[in-house]
Amino acid sequence: METRKRTLVKAIVWNIIGLTVMALVGLILTGSVAVGGAMAVVNTVIGLTMYVLYERVWAPISWGRHHV
């Protein structure tokens, strides 16, 4: 099982990547740095929250794990 700290660090790194990509997509689609940036921030907050919850739900489930 992963520690909560590891899950949080993984979520933050993943969301930094997502924030960057979403900001670029928002900028390309809207032509506005402000709108694209706002879309990216909202997406990142929602994505970070959902990722942490998702990881914590799966953490105790042993299905599909191989213990060597």
# chains A, B, ... in the order shown; residues from 1 in each chain; ligands from 1
>>> select_by_dssp(residues="chain A", states="alpha helix (DSSP H)", output="number ranges by chain")
A: 4-30, 33-58
>>> write_last_selection(atoms="N, CA and C atoms", output="short mmCIF file (atom, residue, chain, number, x, y, z; two decimals), in the first residue's frame")
data_model
loop_
_atom_site.label_atom_id
_atom_site.label_comp_id
_atom_site.auth_asym_id
_atom_site.auth_seq_id
_atom_site.Cartn_x
_atom_site.Cartn_y
_atom_site.Cartn_z
N ARG A 4 0.12 8.02 2.13
CA ARG A 4 -0.67 9.18 1.71
C ARG A 4 0.24 10.25 1.09
N LYS A 5 1.44 10.39 1.64
CA LYS A 5 2.38 11.39 1.12
C LYS A 5 2.77 11.05 -0.32
N ARG A 6 3.07 9.77 -0.60
CA ARG A 6 3.44 9.35 -1.95
C ARG A 6 2.28 9.61 -2.92
N THR A 7 1.07 9.26 -2.50
CA THR A 7 -0.10 9.50 -3.34
C THR A 7 -0.25 10.98 -3.64
N LEU A 8 -0.07 11.82 -2.64
CA LEU A 8 -0.21 13.26 -2.82
C LEU A 8 0.86 13.82 -3.76
N VAL A 9 2.12 13.38 -3.59
CA VAL A 9 3.19 13.85 -4.47
C VAL A 9 2.94 13.42 -5.91
N LYS A 10 2.52 12.16 -6.11
CA LYS A 10 2.20 11.69 -7.46
C LYS A 10 1.08 12.53 -8.06
N ALA A 11 0.07 12.83 -7.27
CA ALA A 11 -1.06 13.61 -7.76
C ALA A 11 -0.64 15.02 -8.14
N ILE A 12 0.22 15.63 -7.33
CA ILE A 12 0.66 17.00 -7.61
C ILE A 12 1.50 17.04 -8.90
N VAL A 13 2.44 16.12 -9.05
CA VAL A 13 3.27 16.09 -10.25
C VAL A 13 2.41 15.86 -11.49
N TRP A 14 1.50 14.90 -11.40
CA TRP A 14 0.62 14.61 -12.54
C TRP A 14 -0.22 15.84 -12.89
N ASN A 15 -0.69 16.55 -11.89
CA ASN A 15 -1.53 17.71 -12.15
C ASN A 15 -0.75 18.91 -12.65
N ILE A 16 0.51 19.02 -12.33
CA ILE A 16 1.35 20.07 -12.93
C ILE A 16 1.46 19.83 -14.44
N ILE A 17 1.65 18.57 -14.79
CA ILE A 17 1.69 18.22 -16.22
C ILE A 17 0.34 18.56 -16.86
N GLY A 18 -0.75 18.15 -16.22
CA GLY A 18 -2.09 18.42 -16.75
C GLY A 18 -2.40 19.90 -16.83
N LEU A 19 -1.96 20.67 -15.84
CA LEU A 19 -2.18 22.12 -15.83
C LEU A 19 -1.51 22.76 -17.05
N THR A 20 -0.30 22.35 -17.32
CA THR A 20 0.44 22.88 -18.47
C THR A 20 -0.27 22.55 -19.79
N VAL A 21 -0.64 21.30 -19.94
CA VAL A 21 -1.32 20.88 -21.17
C VAL A 21 -2.66 21.59 -21.32
N MET A 22 -3.45 21.64 -20.24
CA MET A 22 -4.77 22.27 -20.31
C MET A 22 -4.67 23.76 -20.59
N ALA A 23 -3.66 24.42 -20.03
CA ALA A 23 -3.47 25.86 -20.29
C ALA A 23 -3.18 26.09 -21.78
N LEU A 24 -2.35 25.24 -22.36
CA LEU A 24 -2.06 25.37 -23.79
C LEU A 24 -3.29 25.09 -24.64
N VAL A 25 -4.03 24.05 -24.30
CA VAL A 25 -5.27 23.74 -25.04
C VAL A 25 -6.26 24.89 -24.91
N GLY A 26 -6.44 25.40 -23.69
CA GLY A 26 -7.36 26.52 -23.47
C GLY A 26 -6.95 27.75 -24.25
N LEU A 27 -5.64 28.02 -24.28
CA LEU A 27 -5.14 29.17 -25.04
C LEU A 27 -5.40 28.99 -26.53
N ILE A 28 -5.12 27.79 -27.04
CA ILE A 28 -5.33 27.51 -28.46
C ILE A 28 -6.82 27.62 -28.83
N LEU A 29 -7.68 27.07 -27.99
CA LEU A 29 -9.11 27.06 -28.31
C LEU A 29 -9.79 28.41 -28.13
N THR A 30 -9.33 29.19 -27.14
CA THR A 30 -10.01 30.46 -26.87
C THR A 30 -9.24 31.67 -27.36
N VAL A 33 -5.28 34.10 -22.86
CA VAL A 33 -4.45 33.56 -21.78
C VAL A 33 -5.27 33.45 -20.50
N ALA A 34 -6.09 34.46 -20.21
CA ALA A 34 -6.88 34.48 -18.98
C ALA A 34 -7.90 33.34 -18.95
N VAL A 35 -8.64 33.18 -20.04
CA VAL A 35 -9.66 32.11 -20.09
C VAL A 35 -8.99 30.74 -20.10
N GLY A 36 -7.95 30.60 -20.90
CA GLY A 36 -7.23 29.34 -20.94
C GLY A 36 -6.63 28.99 -19.59
N GLY A 37 -6.06 29.98 -18.92
CA GLY A 37 -5.49 29.77 -17.59
C GLY A 37 -6.55 29.41 -16.56
N ALA A 38 -7.69 30.09 -16.61
CA ALA A 38 -8.78 29.79 -15.68
C ALA A 38 -9.30 28.37 -15.89
N MET A 39 -9.45 27.98 -17.15
CA MET A 39 -9.88 26.61 -17.45
C MET A 39 -8.89 25.60 -16.88
N ALA A 40 -7.61 25.88 -17.03
CA ALA A 40 -6.57 24.98 -16.55
C ALA A 40 -6.59 24.86 -15.04
N VAL A 41 -6.76 25.98 -14.34
CA VAL A 41 -6.78 25.96 -12.87
C VAL A 41 -7.98 25.18 -12.36
N VAL A 42 -9.15 25.44 -12.91
CA VAL A 42 -10.36 24.71 -12.49
C VAL A 42 -10.18 23.21 -12.75
N ASN A 43 -9.69 22.88 -13.94
CA ASN A 43 -9.46 21.48 -14.29
C ASN A 43 -8.47 20.83 -13.32
N THR A 44 -7.42 21.55 -12.96
CA THR A 44 -6.39 21.01 -12.08
C THR A 44 -6.93 20.77 -10.67
N VAL A 45 -7.68 21.70 -10.15
CA VAL A 45 -8.26 21.52 -8.80
C VAL A 45 -9.18 20.31 -8.77
N ILE A 46 -10.04 20.20 -9.75
CA ILE A 46 -10.95 19.05 -9.82
C ILE A 46 -10.17 17.76 -10.03
N GLY A 47 -9.22 17.79 -10.96
CA GLY A 47 -8.43 16.60 -11.26
C GLY A 47 -7.60 16.13 -10.09
N LEU A 48 -6.97 17.04 -9.37
CA LEU A 48 -6.17 16.69 -8.21
C LEU A 48 -7.03 16.03 -7.13
N THR A 49 -8.14 16.62 -6.86
CA THR A 49 -9.06 16.06 -5.85
C THR A 49 -9.53 14.67 -6.24
N MET A 50 -9.96 14.51 -7.47
CA MET A 50 -10.46 13.21 -7.92
C MET A 50 -9.35 12.16 -7.95
N TYR A 51 -8.13 12.55 -8.35
CA TYR A 51 -7.02 11.60 -8.41
C TYR A 51 -6.67 11.09 -7.03
N VAL A 52 -6.58 11.98 -6.05
CA VAL A 52 -6.26 11.56 -4.68
C VAL A 52 -7.33 10.62 -4.15
N LEU A 53 -8.58 10.97 -4.33
CA LEU A 53 -9.67 10.10 -3.88
C LEU A 53 -9.63 8.75 -4.59
N TYR A 54 -9.41 8.76 -5.88
CA TYR A 54 -9.36 7.54 -6.68
C TYR A 54 -8.22 6.62 -6.21
N GLU A 55 -7.04 7.20 -6.00
CA GLU A 55 -5.90 6.42 -5.52
C GLU A 55 -6.16 5.83 -4.14
N ARG A 56 -6.78 6.60 -3.26
CA ARG A 56 -7.04 6.12 -1.90
C ARG A 56 -8.09 5.02 -1.90
N VAL A 57 -9.05 5.07 -2.81
CA VAL A 57 -10.05 4.00 -2.91
C VAL A 57 -9.38 2.71 -3.37
N TRP A 58 -8.48 2.80 -4.34
CA TRP A 58 -7.82 1.61 -4.88
C TRP A 58 -6.70 1.08 -4.00
#
